[in-house]
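For reference, coords38.cif is printed below; it contains mmCIF, C-alpha atoms.
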data_query
#
loop_
_atom_site.label_atom_id
_atom_site.label_comp_id
_atom_site.auth_asym_id
_atom_site.auth_seq_id
_atom_site.Cartn_x
_atom_site.Cartn_y
_atom_site.Cartn_z
CA LEU A 1 7.08 6.18 23.46
CA THR A 2 4.23 3.94 24.66
CA PHE A 3 0.62 4.94 25.26
CA ILE A 4 -1.06 2.56 27.70
CA GLN A 5 -4.57 1.73 28.76
CA THR A 6 -5.39 3.20 32.17
CA ASN A 7 -7.91 2.02 34.70
CA ASN A 8 -9.33 5.51 35.21
CA GLY A 9 -9.77 8.51 32.95
CA SER A 10 -9.53 8.81 29.19
CA ASN A 11 -7.66 6.42 26.94
CA ASP A 12 -7.60 8.80 23.96
CA TYR A 13 -4.13 9.75 22.71
CA GLU A 14 -3.05 12.00 19.85
CA ILE A 15 0.27 13.28 18.54
CA ASN A 16 0.06 16.38 16.36
CA GLY A 17 1.57 19.82 15.99
CA THR A 18 2.25 22.84 13.79
CA GLY A 19 5.99 23.41 14.16
CA THR A 20 9.12 21.47 13.24
CA ALA A 21 10.09 17.99 14.38
CA VAL A 22 12.62 15.31 13.49
CA PHE A 23 12.05 11.68 14.54
CA ASP A 24 15.17 9.57 14.17
CA GLY A 25 14.85 5.97 15.32
CA THR A 26 11.71 6.85 17.25
CA ASN A 27 9.31 4.04 18.22
CA ILE A 28 5.68 4.86 18.98
CA GLN A 29 3.21 2.22 20.13
CA THR A 30 0.13 1.53 22.21
CA THR A 31 -0.86 -1.25 24.58
CA GLY A 32 -4.30 -2.31 25.73
CA THR A 33 -7.54 -0.79 24.47
CA VAL A 34 -6.91 2.83 23.52
CA THR A 35 -7.86 5.33 20.81
CA SER A 36 -4.72 6.64 19.15
CA VAL A 37 -4.02 9.13 16.37
CA VAL A 38 -0.75 10.36 14.90
CA ASN A 39 -1.52 13.39 12.70
CA MET A 40 1.53 15.26 11.37
CA SER A 41 -0.27 16.86 8.42
CA ASN A 42 -0.16 20.37 9.89
CA MET A 43 3.53 20.33 10.75
CA THR A 44 5.61 23.07 9.11
CA SER A 45 8.46 20.60 8.72
CA PHE A 46 8.60 16.94 9.72
CA SER A 47 10.79 13.95 8.98
CA MET A 48 10.96 10.41 10.32
CA THR A 49 13.88 8.09 9.65
CA SER A 50 13.96 4.48 10.88
CA GLY A 51 11.97 3.59 13.98
CA SER A 52 8.39 2.34 13.99
CA MET A 53 4.72 2.98 14.72
CA ASN A 54 2.74 0.06 16.14
CA ASN A 55 -0.92 -0.50 16.95
CA ILE A 56 -2.10 3.01 16.04
CA GLY A 57 -5.64 3.87 14.97
CA THR A 58 -4.89 6.52 12.34
CA VAL A 59 -1.57 7.76 10.97
CA THR A 60 -1.47 10.82 8.67
CA PHE A 61 1.45 12.65 7.11
CA GLY A 62 1.47 15.95 5.21
CA THR A 63 3.07 17.91 2.41
CA SER A 64 6.85 17.98 1.86
CA GLN A 65 7.56 15.60 4.73
CA ALA A 66 10.18 12.85 4.49
CA ILE A 67 9.35 9.36 5.77
CA THR A 68 12.18 6.88 5.25
CA ARG A 69 12.93 3.31 6.44
CA VAL A 70 10.09 3.26 8.98
CA SER A 71 8.13 0.16 10.00
CA PHE A 72 4.37 0.64 10.40
CA ASN A 73 2.49 -2.25 12.01
CA ASP A 74 -1.14 -2.86 12.96
CA ILE A 75 -2.57 0.43 11.75
CA THR A 76 -6.27 0.89 11.05
CA THR A 77 -6.02 3.82 8.61
CA PHE A 78 -2.77 5.02 7.07
CA ASN A 79 -2.43 8.20 4.96
CA THR A 80 0.84 9.11 3.25
CA GLY A 81 -0.30 12.63 2.45
CA ALA A 82 2.09 14.31 0.01
CA SER A 83 5.22 13.21 1.83
CA THR A 84 8.40 11.73 0.38
CA PHE A 85 7.82 8.05 1.11
CA THR A 86 10.82 5.76 0.66
CA ASN A 87 11.86 2.25 1.77
CA ASN A 88 9.12 1.88 4.37
CA VAL A 89 7.35 -1.31 5.46
CA LEU A 90 3.60 -1.42 6.16
CA SER A 91 2.25 -4.59 7.78
CA ASN A 92 -1.26 -5.51 8.90
CA ILE A 93 -2.92 -2.32 7.72
CA THR A 94 -6.68 -2.13 7.28
CA THR A 95 -6.72 0.80 4.82
CA ALA A 96 -3.60 2.38 3.29
CA ASN A 97 -4.09 5.54 1.23
CA ILE A 98 -0.95 5.93 -0.87
CA SER A 99 -1.37 9.35 -2.45
CA THR A 100 2.28 10.30 -2.92
CA ALA A 101 5.06 8.88 -5.07
CA ALA A 102 6.66 5.99 -3.19
CA SER A 103 9.68 3.80 -3.88
CA GLY A 104 11.21 0.71 -2.32
CA CYS A 105 8.25 0.15 0.00
CA THR A 106 6.78 -3.18 1.13
CA PHE A 107 3.08 -3.69 1.83
CA ASN A 108 2.34 -6.83 3.87
CA SER A 109 -1.26 -7.86 4.58
CA VAL A 110 -2.82 -4.54 3.60
CA THR A 111 -6.56 -5.18 3.33
CA THR A 112 -7.40 -2.14 1.18
CA PRO A 113 -4.43 -0.54 -0.59
CA ASN A 114 -5.65 2.65 -2.31
CA VAL A 115 -2.96 3.74 -4.75
CA THR A 116 -3.35 7.10 -6.50
CA ALA A 117 0.30 7.95 -7.15
CA ALA A 118 3.40 6.60 -8.89
CA LEU A 119 4.95 3.58 -7.15
CA THR A 120 8.39 2.23 -8.06
CA SER A 121 10.00 -1.00 -6.86
CA CYS A 122 7.31 -1.67 -4.27
CA ALA A 123 6.06 -5.10 -3.14
CA PHE A 124 2.50 -6.13 -2.29
CA ASN A 125 2.46 -9.35 -0.26
CA GLU A 126 -0.77 -11.13 0.73
CA SER A 127 -2.69 -7.89 0.30
CA GLY A 128 -6.03 -6.88 -1.18
CA GLU A 129 -6.74 -5.66 -4.70
CA VAL A 130 -4.77 -2.68 -5.99
CA ASP A 131 -7.08 -0.70 -8.28
CA ILE A 132 -5.43 2.08 -10.28
CA SER A 133 -8.11 2.18 -12.97
CA THR A 134 -9.59 5.50 -11.84
CA GLY A 135 -7.21 7.13 -9.38
CA GLY A 136 -4.24 8.02 -11.57
CA GLY A 137 -1.75 5.61 -10.03
CA THR A 138 1.12 3.99 -11.95
CA LEU A 139 3.31 1.01 -11.07
CA THR A 140 6.89 0.36 -12.21
CA THR A 141 9.02 -2.68 -11.30
CA CYS A 142 6.62 -3.64 -8.51
CA SER A 143 5.73 -7.17 -7.38
CA PHE A 144 2.55 -8.92 -6.28
CA THR A 145 2.68 -12.10 -4.19
CA ASN A 146 -0.34 -14.18 -3.17
CA SER A 147 -3.03 -11.53 -3.43
CA THR A 148 -5.91 -12.12 -1.03
CA ALA A 149 -8.43 -10.65 -3.48
CA ALA A 150 -10.09 -12.25 -6.50
CA ILE A 151 -8.00 -9.89 -8.64
CA GLY A 152 -4.55 -8.71 -7.64
CA LEU A 153 -4.42 -5.58 -9.82
CA THR A 154 -6.98 -3.62 -11.83
CA VAL A 155 -5.87 -1.16 -14.50
CA ALA A 156 -7.61 0.91 -17.13
CA ASP A 157 -4.57 1.02 -19.41
CA LEU A 158 -1.62 -1.36 -19.56
CA ASP A 159 0.54 1.70 -20.23
CA ASP A 160 0.11 2.56 -16.54
CA ILE A 161 2.15 -0.47 -15.46
CA ASP A 162 5.67 -1.49 -16.42
CA ASP A 163 7.86 -4.52 -15.64
CA LEU A 164 5.76 -6.04 -12.84
CA THR A 165 6.18 -9.49 -11.28
CA PHE A 166 3.30 -11.72 -10.22
CA THR A 167 3.39 -14.79 -7.99
CA GLY A 168 0.06 -16.38 -7.16
CA ASP A 169 -1.39 -19.24 -5.14
CA ASN A 170 -3.86 -20.45 -7.78
CA THR A 171 -6.80 -18.64 -6.18
CA SER A 172 -7.01 -15.31 -8.04
CA HIS A 173 -6.42 -13.48 -11.29
CA ALA A 174 -3.27 -11.39 -11.62
CA VAL A 175 -4.57 -8.42 -13.64
CA ASP A 176 -7.94 -7.09 -14.75
CA VAL A 177 -7.42 -4.93 -17.85
CA GLY A 178 -11.10 -4.33 -18.51
CA THR A 179 -12.36 -4.41 -22.09
CA ILE A 180 -9.85 -3.91 -24.89
CA SER A 181 -11.41 -2.86 -28.19
CA ALA A 182 -10.89 -4.85 -31.35
CA ASN A 183 -7.75 -4.10 -33.36
CA THR A 184 -6.13 -2.49 -30.32
CA THR A 185 -2.54 -3.37 -29.44
CA ARG A 186 -1.29 -3.47 -25.88
CA THR A 187 2.20 -4.35 -24.65
CA TRP A 188 2.70 -6.96 -21.91
CA ASN A 189 6.22 -6.84 -20.45
CA HIS A 190 5.57 -8.44 -17.08
CA THR A 191 6.80 -11.62 -15.41
CA VAL A 192 4.55 -14.35 -14.05
CA VAL A 193 6.55 -16.57 -11.70
CA SER A 194 3.89 -19.15 -10.77
CA GLY A 195 0.35 -19.64 -9.52
CA TYR A 196 -1.53 -18.40 -12.60
CA ALA A 197 -2.85 -20.04 -15.76
CA GLY A 198 -2.55 -18.40 -19.16
CA THR A 199 -5.49 -16.51 -20.70
CA ASN A 200 -6.67 -18.07 -23.96
CA GLN A 201 -5.95 -16.10 -27.11
CA ALA A 202 -9.26 -15.36 -28.82
CA SER A 203 -11.35 -12.51 -30.11
CA ASN A 204 -13.59 -12.90 -27.08
CA ALA A 205 -10.99 -13.97 -24.50
CA SER A 206 -12.25 -13.62 -20.95
CA SER A 207 -11.64 -14.92 -17.46
CA THR A 208 -14.03 -16.91 -15.31
CA PRO A 209 -14.58 -16.03 -11.64
CA GLY A 210 -12.99 -18.56 -9.36
CA ASP A 211 -10.12 -19.53 -11.64
CA SER A 212 -6.61 -18.13 -11.63
CA GLU A 213 -5.73 -16.78 -15.04
CA VAL A 214 -3.09 -14.11 -15.56
CA ILE A 215 -5.46 -11.69 -17.28
#
Conversion result in structure tokens:
Amino acid sequence: LTFIQTNNGSNDYEINGTGTAVFDGTNIQTTGTVTSVVNMSNMTSFSMTSGSMNNIGTVTFGTSQAITRVSFNDITTFNTGASTFTNNVLSNITTANISTAASGCTFNSVTTPNVTAALTSCAFNESGEVDISTGGGTLTTCSFTNSTAAIGLTVADLDDIDDLTFTGDNTSHAVDVGTISANTTRTWNHTVVSGYAGTNQASNASSTPGDSEVI
């Protein structure tokens, strides 16, 4: 399904509905200069398996919807809603609002990844900072590769992350853990592959902007 720019008339396109729909291997895309919205949040029942959405302005899913093995490319604003979100790939996304539990997903070149849910076995590649310090998100067995931000991940509590892997390019910090009070113990069970320097052990250990320490 392709929405194209026309020489006359409106170039505004929207897919929405209130009933039931199943997309299996469906590909939706736009060409030229158009305004496009895919809003499935009001659907009574909706699922999408495989297929793709390409060059869409805004994509929004809703409650109890199943999105599996779909490729999303060149999206301005992406909203998972409260869907089941599994094994999907998001590439070249300006803002991705991940507000539902997701697993096995890959985020490539996501400028602003807003994570407020539990993510398992997901990968962030060349993406902006993931900040779960205030939104209630958790990360388990996820990976970060070559973050484009000064800090790859910000957390309020190291208990919110488990078994992560970090690969850097010597231009950013891996994790910002904020201020840890004296005589407080925190567990670090994460893997640093390369691209980060160690943080000095000291009572006043800190990182300097512009370097590339782990913490």
Starting from the PyMOL selection byres ((chain A and resi 96) around 9), expand the selection into actual residues of this file and give them as an mmCIF file with C-alpha atoms, keeping the file's coordinate frame.
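Result file is out-v4.cif:
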data_model
loop_
_atom_site.group_PDB
_atom_site.id
_atom_site.type_symbol
_atom_site.label_atom_id
_atom_site.label_comp_id
_atom_site.auth_asym_id
_atom_site.auth_seq_id
_atom_site.Cartn_x
_atom_site.Cartn_y
_atom_site.Cartn_z
ATOM 1 C CA ILE A 75 -2.570 0.430 11.750
ATOM 2 C CA THR A 76 -6.270 0.890 11.050
ATOM 3 C CA THR A 77 -6.020 3.820 8.610
ATOM 4 C CA PHE A 78 -2.770 5.020 7.070
ATOM 5 C CA ASN A 79 -2.430 8.200 4.960
ATOM 6 C CA THR A 80 0.840 9.110 3.250
ATOM 7 C CA LEU A 90 3.600 -1.420 6.160
ATOM 8 C CA ILE A 93 -2.920 -2.320 7.720
ATOM 9 C CA THR A 94 -6.680 -2.130 7.280
ATOM 10 C CA THR A 95 -6.720 0.800 4.820
ATOM 11 C CA ASN A 97 -4.090 5.540 1.230
ATOM 12 C CA ILE A 98 -0.950 5.930 -0.870
ATOM 13 C CA VAL A 110 -2.820 -4.540 3.600
ATOM 14 C CA THR A 111 -6.560 -5.180 3.330
ATOM 15 C CA THR A 112 -7.400 -2.140 1.180
ATOM 16 C CA PRO A 113 -4.430 -0.540 -0.590
ATOM 17 C CA ASN A 114 -5.650 2.650 -2.310
ATOM 18 C CA VAL A 115 -2.960 3.740 -4.750
#
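Straight-line separation from atom CA of Cys105 of chain A to atom CA of Thr44 of chain A: 24.8 Å.
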Subject >> d(atom CA of Ala156 of chain A, atom CA of Phe107 of chain A) in Å >> reply: 22.2 Å
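When all atoms listed in the file are used to measure the gap to Tyr13 of chain A, the shortest distance among A:Gly128, A:Gly62, A:Gly81, A:Gly57 belongs to A:Gly57.
The shell of residues at most 9 Å from Val38 of chain A, with only C-alpha atoms counted and near chain neighbours (fewer than 4 positions) removed, consists of Tyr13, Glu14, Ile15, Asn16, Ile56, Gly57, Thr58, Val59, Thr60 and Phe61 of chain A.
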Take the residues that were just selected and, keeping C-alpha atoms, output them as a compact mmCIF listing (two decimals), in the frame of the given file.
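Now in part.txt:
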# COMPACT_ATOMS: atom_id res chain seq x y z
CA TYR A 13 -4.13 9.75 22.71
CA GLU A 14 -3.05 12.00 19.85
CA ILE A 15 0.27 13.28 18.54
CA ASN A 16 0.06 16.38 16.36
CA ILE A 56 -2.10 3.01 16.04
CA GLY A 57 -5.64 3.87 14.97
CA THR A 58 -4.89 6.52 12.34
CA VAL A 59 -1.57 7.76 10.97
CA THR A 60 -1.47 10.82 8.67
CA PHE A 61 1.45 12.65 7.11
**OP:** Please identify all polymer residues within 9 Å of Val89 of chain A, counting all atoms listed in the file, omitting same-chain residues fewer than 5 positions from it, and present them as a ChimeraX atom specification.
**Re:** /A:69-73,104-108
